[in-house]
Amino acid sequence: MGQRTPLYDLHLALGAKMVDFGGWDMPLHYGSQVEEHHQVRRDCGVFDVSHMTVIDIDGTQAKAWLQRLLANDVERLESTGRALYSAMLNERGGVVDDMIVYRQGAGYRLVVNAATREQDLQWMQAQLEGYDVALCERPELAMLAIQGPHARHKVAELVSQSRSQLIQQLKPFEGASDGDWFIARTGYTGEDGLEILLPANQAPAFFNDLVGAGISPIGLGARDTLRLEAGMNLYGQDIHQAVTPLVANMAWSIAWEPVSRDFIGRQALEAELAAGVGQKLVGLVLEERGVLRAHQVVRIAEVGEGEITSGSFSPTLSKSIALARVPMATADRAEVEIRGKWYPVRVVKPTFVRHGKALI
């Protein structure tokens with residue numbers, strides 16, 4: 001038996017197929033993964049993401065410590081509530097984890113991946129020496145993600161007036177507190193929406209309110225195809241400690257200025273740039289029948305080989321798509337080996353769908 005979120009019994013009552021995910025018992029789907037995917041793209045749905053790890057960072061040197069710890073620069077968070085995406089790197093430039101960082105009134109809040117909780121906390125603790133910084137994990141909080149074009153409107157109709165006004169005022173990548181709730185306009189689907197942190201004992205009632213208002217519960221299966229269509233990395237597949245942001249389509253999340261900010265992994269990334277980055281993360285589209293899967297070999301004529309990191313059938317596009325790490329010289333055509341046969345694929349930018357619209 002794995003760890004369970006406060007909504008475990010509700011998932012069972014709703015007929016969810018439960019699976020192990022990073023040591024947690026989580027819903028894969030509630031009947032039809034494809035229908036759940038379409039529900040988020042066309043309307044909205046609610047995900048239980050209470051397995052995610054929330055860590056509050058406080059202390060007089062919290063800012064300086066995060067500027068050392070993260071490849072992105074929290075100096076960019078110009079006001080309370082603003083958020084940014086960043087990677088936490090090892091000395092070789094490999095990704096220890098990726099996360100969202102929020103600036104709070106007297107510190108910062110990190111939301112990191114569930115499966116990497118232990119390695120993240122160990123790594124952070126190891127970097128604390130010499131800094132006046134305190135880490136406070138927040139396991140008493142649950143987290144719900146309500147995603148889709150109608151998500152903010154529908155949630156605003158269910159909550160208090162002050163929370164409704166907050167939802168309407170939030171800008172993308174911004175979060176704010178209302179009482180014991182923290183509401184952010186972020187997500188992992190390529191759609192607009194909210195991520196709400198609230199006390200665990202309040203989560204089942206609120207989840208019931210959402211479902212009762214016609215907001216469908218969505219499982220991990222659709223979450224994966226939604227993030228893949230949006231070109232978002234999954235830790236453990238597309239990124240890990242042997243992969244740097246420069247080969248994972250994450251170079252935009254590195255803050256190189258000021259040059260005096262010596263973040264962990266900087267020297268390794270600068271050496272990689274100087275030597276010439278040899279690989280890149282691209283999108284693949286299979287025009288024929290078949291399914292692209294992780295670890296399938298990608299062959300590029302007169303260039304070399306690469307490998308699929310994530311692949312699946314895209315419900316929005318009705319095609320099989322993938323993210324793949326390939327040689328930098330790869331152009332717009334390649335081949336993928338599926339069950340001993342080679343199939344032609346188109347090479348595209350690694351974002352297939354955004355805000356419900358096809359980009360390929």
# chains A, B, ... in the order shown; residues from 1 in each chain; ligands from 1
call {"tool": "residues_around", "arguments": {"residues": "Leu84 in chain A", "least_positions_apart": "6", "cutoff": "10 Å", "atoms": "only C-alpha atoms", "output": "NGL selection string"}}
result
:A and (72-74 or 76-77 or 99-103 or 110 or 173-174 or 186 or 253)
call {"tool": "residues_around", "arguments": {"residues": "Gln127 in chain A", "least_positions_apart": "4", "cutoff": "9 Å", "atoms": "only C-alpha atoms", "output": "MDAnalysis selection string"}}
result
chainID A and resid 65 68:69 122:123 131
call {"tool": "write_last_selection", "arguments": {"atoms": "all heavy atoms", "output": "CSV table (one decimal), in the first residue's frame"}}
result
chain,number,residue,atom,x,y,z
A,65,TRP,N,20.3,32.4,-0.7
A,65,TRP,CA,20.4,30.9,-0.8
A,65,TRP,C,19.7,30.4,-2.1
A,65,TRP,O,20.3,29.6,-2.8
A,65,TRP,CB,19.8,30.3,0.4
A,65,TRP,CG,19.9,28.8,0.4
A,65,TRP,CD1,21.0,28.0,0.6
A,65,TRP,CD2,18.8,27.8,0.3
A,65,TRP,NE1,20.7,26.7,0.6
A,65,TRP,CE2,19.3,26.6,0.4
A,65,TRP,CE3,17.4,28.0,0.1
A,65,TRP,CZ2,18.6,25.4,0.3
A,65,TRP,CZ3,16.6,26.8,0.0
A,65,TRP,CH2,17.2,25.6,0.1
A,68,ARG,N,21.7,30.9,-5.2
A,68,ARG,CA,22.7,30.0,-5.3
A,68,ARG,C,22.2,28.6,-5.7
A,68,ARG,O,22.8,27.9,-6.5
A,68,ARG,CB,23.5,29.8,-4.0
A,68,ARG,CG,24.4,28.7,-3.8
A,68,ARG,CD,25.7,28.8,-4.7
A,68,ARG,NE,26.6,27.7,-4.4
A,68,ARG,CZ,27.5,27.3,-5.2
A,68,ARG,NH1,27.7,27.9,-6.4
A,68,ARG,NH2,28.3,26.3,-4.9
A,69,LEU,N,21.0,28.2,-5.2
A,69,LEU,CA,20.5,26.9,-5.4
A,69,LEU,C,19.9,26.7,-6.8
A,69,LEU,O,20.0,25.6,-7.4
A,69,LEU,CB,19.3,26.7,-4.4
A,69,LEU,CG,18.7,25.3,-4.3
A,69,LEU,CD1,19.6,24.3,-3.7
A,69,LEU,CD2,17.4,25.3,-3.6
A,122,GLN,N,17.2,16.2,0.7
A,122,GLN,CA,18.5,16.0,1.1
A,122,GLN,C,19.5,16.9,0.4
A,122,GLN,O,20.5,17.4,1.0
A,122,GLN,CB,18.9,14.5,0.7
A,122,GLN,CG,18.2,13.5,1.6
A,122,GLN,CD,18.5,12.0,1.1
A,122,GLN,OE1,19.2,11.8,0.1
A,122,GLN,NE2,17.9,11.1,1.7
A,123,TRP,N,19.2,17.2,-0.9
A,123,TRP,CA,20.1,18.2,-1.6
A,123,TRP,C,20.0,19.6,-1.0
A,123,TRP,O,21.0,20.2,-0.8
A,123,TRP,CB,19.7,18.2,-3.1
A,123,TRP,CG,20.5,19.1,-3.9
A,123,TRP,CD1,20.1,20.3,-4.4
A,123,TRP,CD2,21.9,18.9,-4.4
A,123,TRP,NE1,21.1,20.9,-5.1
A,123,TRP,CE2,22.2,20.0,-5.1
A,123,TRP,CE3,22.8,17.9,-4.2
A,123,TRP,CZ2,23.5,20.2,-5.7
A,123,TRP,CZ3,24.0,18.0,-4.8
A,123,TRP,CH2,24.4,19.2,-5.5
A,131,TYR,N,24.3,29.6,5.6
A,131,TYR,CA,23.1,30.5,5.3
A,131,TYR,C,22.1,30.4,6.5
A,131,TYR,O,21.9,29.4,7.1
A,131,TYR,CB,22.4,30.0,4.0
A,131,TYR,CG,23.2,30.2,2.8
A,131,TYR,CD1,24.0,29.3,2.2
A,131,TYR,CD2,23.0,31.4,2.1
A,131,TYR,CE1,24.7,29.5,1.0
A,131,TYR,CE2,23.7,31.6,0.9
A,131,TYR,CZ,24.5,30.7,0.4
A,131,TYR,OH,25.2,30.9,-0.8
call {"tool": "atom_distance", "arguments": {"atom1": "CA of Met52 in chain A", "atom2": "CA of Lys171 in chain A"}}
result
22.5 Å
call {"tool": "residues_around", "arguments": {"residues": "range 335-341 of chain A", "least_positions_apart": "2", "cutoff": "8 Å", "atoms": "only C-alpha atoms", "output": "tab-separated table (two decimals) with C-alpha atoms, in the first residue's frame"}}
result
chain	number	residue	atom	x	y	z
A	290	GLY	CA	1.37	3.46	-34.73
A	291	VAL	CA	2.30	4.68	-31.28
A	292	LEU	CA	5.47	6.48	-30.27
A	296	GLN	CA	12.36	4.07	-29.12
A	297	VAL	CA	15.33	4.85	-31.34
A	298	VAL	CA	15.23	7.90	-33.58
A	299	ARG	CA	17.37	7.82	-36.74
A	300	ILE	CA	18.32	10.94	-38.68
A	333	ARG	CA	12.61	14.71	-40.90
A	343	TYR	CA	8.52	4.81	-39.70
A	344	PRO	CA	8.97	8.39	-40.98
A	345	VAL	CA	8.24	11.22	-38.53
call {"tool": "closest_atom_pairs", "arguments": {"of": "range 16-131 of chain A", "to": "range 198-201 of chain A", "cutoff": "12 Å", "atoms": "only C-alpha atoms", "output": "JSON lines"}}
result
{"residue": "A:Asp48", "atom": "CA", "partner": "A:Ala200", "partner_atom": "CA", "distance": 11.5}
{"residue": "A:Val49", "atom": "CA", "partner": "A:Leu198", "partner_atom": "CA", "distance": 11.7}
{"residue": "A:Ser50", "atom": "CA", "partner": "A:Ala200", "partner_atom": "CA", "distance": 8.6}
{"residue": "A:His51", "atom": "CA", "partner": "A:Ala200", "partner_atom": "CA", "distance": 11.4}
{"residue": "A:Val54", "atom": "CA", "partner": "A:Leu198", "partner_atom": "CA", "distance": 11.5}
call {"tool": "write_last_selection", "arguments": {"atoms": "C-alpha atoms", "output": "mmCIF file, in the first residue's frame"}}
result
data_model
loop_
_atom_site.group_PDB
_atom_site.id
_atom_site.type_symbol
_atom_site.label_atom_id
_atom_site.label_comp_id
_atom_site.auth_asym_id
_atom_site.auth_seq_id
_atom_site.Cartn_x
_atom_site.Cartn_y
_atom_site.Cartn_z
ATOM 1 C CA ASP A 48 -5.767 15.779 -7.139
ATOM 2 C CA VAL A 49 -2.101 16.812 -6.936
ATOM 3 C CA SER A 50 -1.826 16.585 -3.157
ATOM 4 C CA HIS A 51 1.133 14.240 -3.576
ATOM 5 C CA VAL A 54 5.386 22.020 -0.757
#
call {"tool": "atom_distance", "arguments": {"atom1": "CA of Thr330 in chain A", "atom2": "CA of Gly304 in chain A"}}
result
8.4 Å
call {"tool": "closest_residue", "arguments": {"among": "A:Leu66, A:Ala176, A:Leu228, A:Ala83", "to": "Asp132 in chain A", "atoms": "only C-alpha atoms"}}
result
A:Leu66
call {"tool": "residues_around", "arguments": {"residues": "Arg42 in chain A", "least_positions_apart": "5", "cutoff": "9 Å", "atoms": "only C-alpha atoms", "output": "ChimeraX atom specification"}}
result
/A:37,148-150,356
